[in-house]
file protein.cif (mmCIF, C-alpha atoms)
data_run
#
loop_
_atom_site.label_atom_id
_atom_site.label_comp_id
_atom_site.auth_asym_id
_atom_site.auth_seq_id
_atom_site.Cartn_x
_atom_site.Cartn_y
_atom_site.Cartn_z
CA MET A 1413 88.33 88.40 86.74
CA ALA A 1414 86.88 86.20 89.49
CA LYS A 1415 83.30 84.98 89.42
CA LEU A 1416 81.15 85.17 92.59
CA VAL A 1417 79.05 82.02 92.98
CA PHE A 1418 76.34 81.52 95.60
CA GLY A 1419 75.50 77.85 96.07
CA MET A 1420 73.99 75.95 98.99
CA ASN A 1421 71.99 72.84 99.85
CA LEU A 1422 68.30 73.64 100.22
CA SER A 1423 64.93 71.99 100.69
CA LEU A 1424 62.34 71.69 97.93
CA ASP A 1425 60.51 74.64 99.48
CA GLY A 1426 63.60 76.85 99.39
CA TYR A 1427 65.07 76.73 102.90
CA VAL A 1428 68.66 76.14 104.00
CA ASP A 1429 69.28 74.31 107.27
CA HIS A 1430 72.41 72.22 107.78
CA GLU A 1431 70.86 70.52 110.82
CA GLU A 1432 67.77 69.21 109.02
CA PHE A 1433 69.44 67.46 106.09
CA GLY A 1434 72.88 66.89 104.68
CA PRO A 1435 74.60 65.62 101.58
CA ASP A 1436 74.86 61.94 100.74
CA PRO A 1437 78.42 60.58 100.27
CA ALA A 1438 78.54 61.39 96.54
CA LEU A 1439 77.37 64.96 97.08
CA PHE A 1440 79.82 65.40 99.97
CA ARG A 1441 82.63 64.29 97.63
CA HIS A 1442 81.33 66.86 95.11
CA TRP A 1443 81.58 69.57 97.80
CA ILE A 1444 85.16 68.51 98.60
CA GLU A 1445 86.16 68.88 94.95
CA GLN A 1446 84.23 72.14 94.69
CA VAL A 1447 86.08 73.64 97.66
CA ARG A 1448 89.44 72.41 96.36
CA GLY A 1449 88.89 74.29 93.11
CA LEU A 1450 87.91 77.62 94.65
CA THR A 1451 89.99 80.76 94.60
CA GLY A 1452 88.45 81.49 98.00
CA SER A 1453 85.23 81.92 99.94
CA LEU A 1454 83.30 84.94 101.13
CA TYR A 1455 81.36 84.45 104.36
CA GLY A 1456 78.84 86.31 106.41
CA ARG A 1457 79.43 86.15 110.16
CA ARG A 1458 76.91 83.42 111.00
CA MET A 1459 77.97 81.08 108.22
CA TYR A 1460 81.65 81.65 109.03
CA GLU A 1461 81.06 80.80 112.68
CA LEU A 1462 79.39 77.52 111.62
CA MET A 1463 82.20 76.69 109.23
CA ARG A 1464 84.89 77.26 111.87
CA TYR A 1465 84.03 73.70 112.90
CA TRP A 1466 86.46 72.64 110.14
CA ASP A 1467 89.40 74.52 111.69
CA GLU A 1468 90.14 71.73 114.19
CA ASP A 1469 90.39 67.99 113.62
CA HIS A 1470 87.90 65.69 115.34
CA PRO A 1471 88.83 62.06 116.12
CA GLU A 1472 85.50 60.69 114.84
CA TRP A 1473 85.96 62.15 111.33
CA THR A 1474 85.99 59.93 108.28
CA ALA A 1475 88.66 60.30 105.60
CA GLU A 1476 86.19 62.39 103.56
CA ARG A 1477 85.62 64.83 106.42
CA ARG A 1478 89.39 65.21 106.84
CA ASP A 1479 89.68 65.87 103.08
CA PHE A 1480 87.03 68.56 103.29
CA ALA A 1481 88.70 70.17 106.30
CA MET A 1482 92.07 70.27 104.52
CA ALA A 1483 90.54 71.87 101.42
CA TRP A 1484 88.62 74.38 103.54
CA ARG A 1485 91.65 75.35 105.61
CA ARG A 1486 93.81 75.87 102.52
CA GLN A 1487 91.59 78.38 100.77
CA PRO A 1488 91.59 82.11 101.51
CA LYS A 1489 88.45 83.31 103.28
CA TRP A 1490 87.00 86.80 103.57
CA VAL A 1491 84.53 87.34 106.40
CA VAL A 1492 82.04 90.19 106.14
CA SER A 1493 81.13 91.34 109.65
CA ARG A 1494 80.82 94.53 111.62
CA SER A 1495 80.58 92.66 114.94
CA LEU A 1496 83.60 90.34 114.78
CA THR A 1497 86.94 91.76 115.86
CA SER A 1498 89.08 88.88 114.60
CA VAL A 1499 88.89 85.80 112.38
CA GLY A 1500 90.75 82.50 112.25
CA PRO A 1501 93.56 81.17 110.10
CA ASN A 1502 93.71 82.06 106.42
CA ALA A 1503 90.82 84.51 106.84
CA THR A 1504 90.55 88.27 106.40
CA LEU A 1505 87.94 90.39 108.18
CA VAL A 1506 86.00 92.78 105.95
CA ALA A 1507 84.20 95.28 108.18
CA GLU A 1508 84.15 98.49 106.15
CA ASP A 1509 83.62 99.51 102.54
CA ILE A 1510 82.35 96.03 101.72
CA GLU A 1511 81.27 96.74 98.16
CA THR A 1512 84.66 98.21 97.23
CA VAL A 1513 86.55 95.30 98.81
CA ILE A 1514 84.44 92.69 97.00
CA ARG A 1515 84.65 94.50 93.67
CA GLY A 1516 88.42 94.57 94.20
CA LEU A 1517 88.50 90.82 94.85
CA LYS A 1518 86.52 90.17 91.68
CA ALA A 1519 88.79 92.44 89.63
CA GLY A 1520 92.07 91.25 91.10
CA LEU A 1521 91.58 87.48 91.26
CA ALA A 1522 90.81 84.71 88.78
CA GLY A 1523 88.59 81.67 89.27
CA GLU A 1524 85.57 81.21 91.52
CA ILE A 1525 84.88 82.82 94.85
CA GLN A 1526 82.12 81.05 96.75
CA VAL A 1527 79.59 83.19 98.57
CA ALA A 1528 78.41 81.41 101.71
CA GLY A 1529 75.34 82.54 103.62
CA PRO A 1530 71.91 83.64 102.38
CA GLU A 1531 71.96 87.08 104.00
CA LEU A 1532 75.35 88.01 102.58
CA ALA A 1533 74.29 86.65 99.19
CA GLY A 1534 71.13 88.77 99.37
CA SER A 1535 73.18 91.91 99.98
CA LEU A 1536 75.55 91.04 97.15
CA THR A 1537 72.60 90.29 94.85
CA ASP A 1538 71.22 93.76 95.59
CA LEU A 1539 74.60 95.20 94.53
CA GLY A 1540 74.62 93.14 91.32
CA LEU A 1541 77.76 91.24 92.34
CA ILE A 1542 76.63 87.59 92.19
CA ASP A 1543 77.56 86.01 88.86
CA GLU A 1544 76.02 82.57 89.34
CA TYR A 1545 73.56 80.81 91.64
CA ARG A 1546 73.79 77.06 92.33
CA LEU A 1547 70.78 75.61 94.09
CA TYR A 1548 71.29 72.06 95.39
CA PHE A 1549 67.75 70.81 96.01
CA HIS A 1550 67.19 67.89 98.40
CA PRO A 1551 63.97 65.84 98.55
CA VAL A 1552 62.79 67.29 101.87
CA VAL A 1553 60.22 69.94 102.75
CA LEU A 1554 60.95 72.04 105.84
CA GLY A 1555 58.07 74.51 105.84
CA CYS A 1556 60.15 77.16 107.60
CA GLY A 1557 63.68 78.33 108.26
CA LYS A 1558 66.23 80.53 106.53
CA PRO A 1559 65.28 81.06 102.88
CA PHE A 1560 67.91 80.65 100.17
CA PHE A 1561 66.83 84.01 98.72
CA THR A 1562 66.51 86.52 101.56
CA GLY A 1563 65.07 89.38 99.53
CA PRO A 1564 63.32 89.86 96.23
CA ARG A 1565 64.27 87.08 93.86
CA PRO A 1566 66.47 88.38 91.07
CA PRO A 1567 65.53 87.65 87.47
CA LEU A 1568 67.47 84.52 86.57
CA ARG A 1569 68.19 82.35 83.53
CA LEU A 1570 68.71 78.59 83.90
CA VAL A 1571 72.02 77.45 82.36
CA ALA A 1572 72.40 73.89 83.72
CA SER A 1573 70.76 71.10 85.69
CA ASP A 1574 72.52 68.07 87.14
CA LEU A 1575 71.75 65.13 89.41
CA ILE A 1576 74.51 65.01 92.04
CA GLY A 1577 74.67 61.96 94.25
CA GLY A 1578 71.58 59.88 94.74
CA ALA A 1579 69.03 62.56 95.50
CA ALA A 1580 70.24 66.16 95.03
CA VAL A 1581 69.49 68.16 91.91
CA ARG A 1582 71.68 71.17 91.17
CA LEU A 1583 70.12 73.98 89.20
CA THR A 1584 72.57 76.61 87.95
CA TYR A 1585 71.33 80.09 87.13
CA VAL A 1586 72.90 83.34 85.99
CA PRO A 1587 71.35 86.81 86.26
CA ALA A 1588 68.95 87.38 83.35
#

call {"tool": "encode", "arguments": {"input": "protein.cif", "output": "structure tokens"}}
result
Amino acid sequence: MAKLVFGMNLSLDGYVDHEEFGPDPALFRHWIEQVRGLTGSLYGRRMYELMRYWDEDHPEWTAERRDFAMAWRRQPKWVVSRSLTSVGPNATLVAEDIETVIRGLKAGLAGEIQVAGPELAGSLTDLGLIDEYRLYFHPVVLGCGKPFFTGPRPPLRLVASDLIGGAAVRLTYVPA
């Protein structure tokens, strides 16, 4: 049975914003290895549209960015959206009966499926489908933006804490 994991970079005050801060080289390497090990990723529309950046090579990329792109392109992706009519390579659109499809993925696959996007994660939390939360805290305070938890915070139990790279702390929680 696959495990659904929601993990993202966030500020100390709980906001996600890829334009305000990013991972240092060690944390970026961690993300490359994380993506390589995934069974697949589950995206909401907005996060998927941001991640489509990795579908095409860019001449200014470093070797690490190319590694990430290759890992991202290789993995299966499921995109939850009622507004999209198509998705890119190695992706499947999930527009109807979302809960049944995701429960089927969990039952039919092994390994980890990453959940990407706070709003999708909030919906899946409400359905009791998220198995683990990984919060990668960065030493910045944003004061506003998209919160990591978009709805009521679920009761959680801390199972691990790690320093990743020079400044990010990962806290790993499971539903209590």

call {"tool": "atom_distance", "arguments": {"input": "protein.cif", "atom1": "CA of Val1571 (chain A)", "atom2": "CA of Asp1436 (chain A)"}}
result
24.2 Å

call {"tool": "resolve_selection", "arguments": {"input": "protein.cif", "expression": "the PyMOL selection byres ((chain A and resi 1422) around 9)", "output": "NGL selection string"}}
result
:A and (1420-1421 or 1423-1430 or 1433 or 1547-1550 or 1552 or 1559-1560)

call {"tool": "closest_residue", "arguments": {"input": "protein.cif", "among": "A:Ser1535, A:Ser1573, A:Ala1579, A:Lys1518", "to": "Pro1551 (chain A)", "atoms": "only C-alpha atoms"}}
result
A:Ala1579

call {"tool": "atom_distance", "arguments": {"input": "protein.cif", "atom1": "CA of Met1463 (chain A)", "atom2": "CA of Trp1443 (chain A)"}}
result
13.5 Å

call {"tool": "resolve_selection", "arguments": {"input": "protein.cif", "expression": "the PyMOL selection byres ((chain A and resi 1486-1494) around 7)", "output": "PDB file with C-alpha atoms, keeping the file's coordinate frame"}}
result
ATOM      1  CA  THR A1451      89.990  80.760  94.600  1.00  0.00           C
ATOM      2  CA  GLY A1452      88.450  81.490  98.000  1.00  0.00           C
ATOM      3  CA  SER A1453      85.230  81.920  99.940  1.00  0.00           C
ATOM      4  CA  LEU A1454      83.300  84.940 101.130  1.00  0.00           C
ATOM      5  CA  TYR A1455      81.360  84.450 104.360  1.00  0.00           C
ATOM      6  CA  GLY A1456      78.840  86.310 106.410  1.00  0.00           C
ATOM      7  CA  ARG A1457      79.430  86.150 110.160  1.00  0.00           C
ATOM      8  CA  TYR A1460      81.650  81.650 109.030  1.00  0.00           C
ATOM      9  CA  MET A1482      92.070  70.270 104.520  1.00  0.00           C
ATOM     10  CA  ALA A1483      90.540  71.870 101.420  1.00  0.00           C
ATOM     11  CA  TRP A1484      88.620  74.380 103.540  1.00  0.00           C
ATOM     12  CA  ARG A1485      91.650  75.350 105.610  1.00  0.00           C
ATOM     13  CA  SER A1495      80.580  92.660 114.940  1.00  0.00           C
ATOM     14  CA  LEU A1496      83.600  90.340 114.780  1.00  0.00           C
ATOM     15  CA  ASN A1502      93.710  82.060 106.420  1.00  0.00           C
ATOM     16  CA  ALA A1503      90.820  84.510 106.840  1.00  0.00           C
ATOM     17  CA  THR A1504      90.550  88.270 106.400  1.00  0.00           C
ATOM     18  CA  LEU A1505      87.940  90.390 108.180  1.00  0.00           C
ATOM     19  CA  VAL A1506      86.000  92.780 105.950  1.00  0.00           C
ATOM     20  CA  ALA A1507      84.200  95.280 108.180  1.00  0.00           C
TER      21      ALA A1507
END

call {"tool": "decode", "arguments": {"input": "protein.cif", "residues": "region 1537-1557 of chain A", "atoms": "N, CA, C and O atoms", "output": "short mmCIF file (atom, residue, chain, number, x, y, z; two decimals), in the first residue's frame"}}
result
data_model
loop_
_atom_site.label_atom_id
_atom_site.label_comp_id
_atom_site.auth_asym_id
_atom_site.auth_seq_id
_atom_site.Cartn_x
_atom_site.Cartn_y
_atom_site.Cartn_z
N THR A 1537 -6.48 15.90 3.52
CA THR A 1537 -6.47 15.81 4.98
C THR A 1537 -7.90 15.65 5.49
O THR A 1537 -8.16 14.80 6.35
N ASP A 1538 -8.83 16.43 4.93
CA ASP A 1538 -10.23 16.33 5.34
C ASP A 1538 -10.79 14.93 5.10
O ASP A 1538 -11.66 14.47 5.84
N LEU A 1539 -10.28 14.25 4.07
CA LEU A 1539 -10.73 12.89 3.74
C LEU A 1539 -9.96 11.82 4.51
O LEU A 1539 -10.22 10.63 4.37
N GLY A 1540 -8.98 12.23 5.31
CA GLY A 1540 -8.19 11.28 6.09
C GLY A 1540 -7.21 10.48 5.25
O GLY A 1540 -6.84 9.36 5.63
N LEU A 1541 -6.75 11.05 4.13
CA LEU A 1541 -5.89 10.30 3.21
C LEU A 1541 -4.39 10.58 3.35
O LEU A 1541 -3.58 9.83 2.83
N ILE A 1542 -4.00 11.66 4.01
CA ILE A 1542 -2.58 11.97 4.17
C ILE A 1542 -2.01 11.11 5.30
O ILE A 1542 -2.53 11.09 6.40
N ASP A 1543 -0.91 10.41 4.98
CA ASP A 1543 -0.28 9.52 5.95
C ASP A 1543 0.87 10.17 6.70
O ASP A 1543 1.23 9.73 7.80
N GLU A 1544 1.48 11.20 6.10
CA GLU A 1544 2.62 11.84 6.72
C GLU A 1544 2.76 13.27 6.22
O GLU A 1544 2.49 13.54 5.05
N TYR A 1545 3.18 14.15 7.11
CA TYR A 1545 3.41 15.56 6.78
C TYR A 1545 4.88 15.85 7.04
O TYR A 1545 5.40 15.55 8.11
N ARG A 1546 5.55 16.47 6.04
CA ARG A 1546 6.95 16.87 6.19
C ARG A 1546 7.04 18.37 5.98
O ARG A 1546 6.85 18.86 4.88
N LEU A 1547 7.33 19.07 7.05
CA LEU A 1547 7.41 20.53 7.02
C LEU A 1547 8.89 20.92 7.02
O LEU A 1547 9.61 20.63 7.97
N TYR A 1548 9.33 21.56 5.94
CA TYR A 1548 10.71 21.99 5.78
C TYR A 1548 10.76 23.49 6.10
O TYR A 1548 10.52 24.32 5.24
N PHE A 1549 11.07 23.81 7.36
CA PHE A 1549 11.08 25.20 7.81
C PHE A 1549 12.38 25.89 7.41
O PHE A 1549 13.46 25.35 7.57
N HIS A 1550 12.23 27.12 6.88
CA HIS A 1550 13.36 27.97 6.50
C HIS A 1550 13.37 29.18 7.43
O HIS A 1550 12.31 29.65 7.88
N PRO A 1551 14.54 29.75 7.72
CA PRO A 1551 14.64 30.86 8.66
C PRO A 1551 14.23 32.20 8.04
O PRO A 1551 15.01 33.14 7.98
N VAL A 1552 13.01 32.26 7.57
CA VAL A 1552 12.42 33.50 7.05
C VAL A 1552 11.02 33.64 7.62
O VAL A 1552 10.38 32.65 7.95
N VAL A 1553 10.56 34.87 7.73
CA VAL A 1553 9.19 35.16 8.14
C VAL A 1553 8.56 35.96 7.02
O VAL A 1553 9.08 37.00 6.61
N LEU A 1554 7.44 35.47 6.50
CA LEU A 1554 6.78 36.15 5.38
C LEU A 1554 5.62 37.04 5.82
O LEU A 1554 5.36 38.06 5.20
N GLY A 1555 4.92 36.66 6.85
CA GLY A 1555 3.81 37.48 7.32
C GLY A 1555 2.52 37.32 6.54
O GLY A 1555 1.47 37.76 6.99
N CYS A 1556 2.59 36.72 5.37
CA CYS A 1556 1.37 36.50 4.58
C CYS A 1556 1.71 35.54 3.44
O CYS A 1556 2.86 35.22 3.20
N GLY A 1557 0.68 35.09 2.77
CA GLY A 1557 0.86 34.18 1.64
C GLY A 1557 -0.05 32.98 1.76
O GLY A 1557 -1.06 33.00 2.45
#
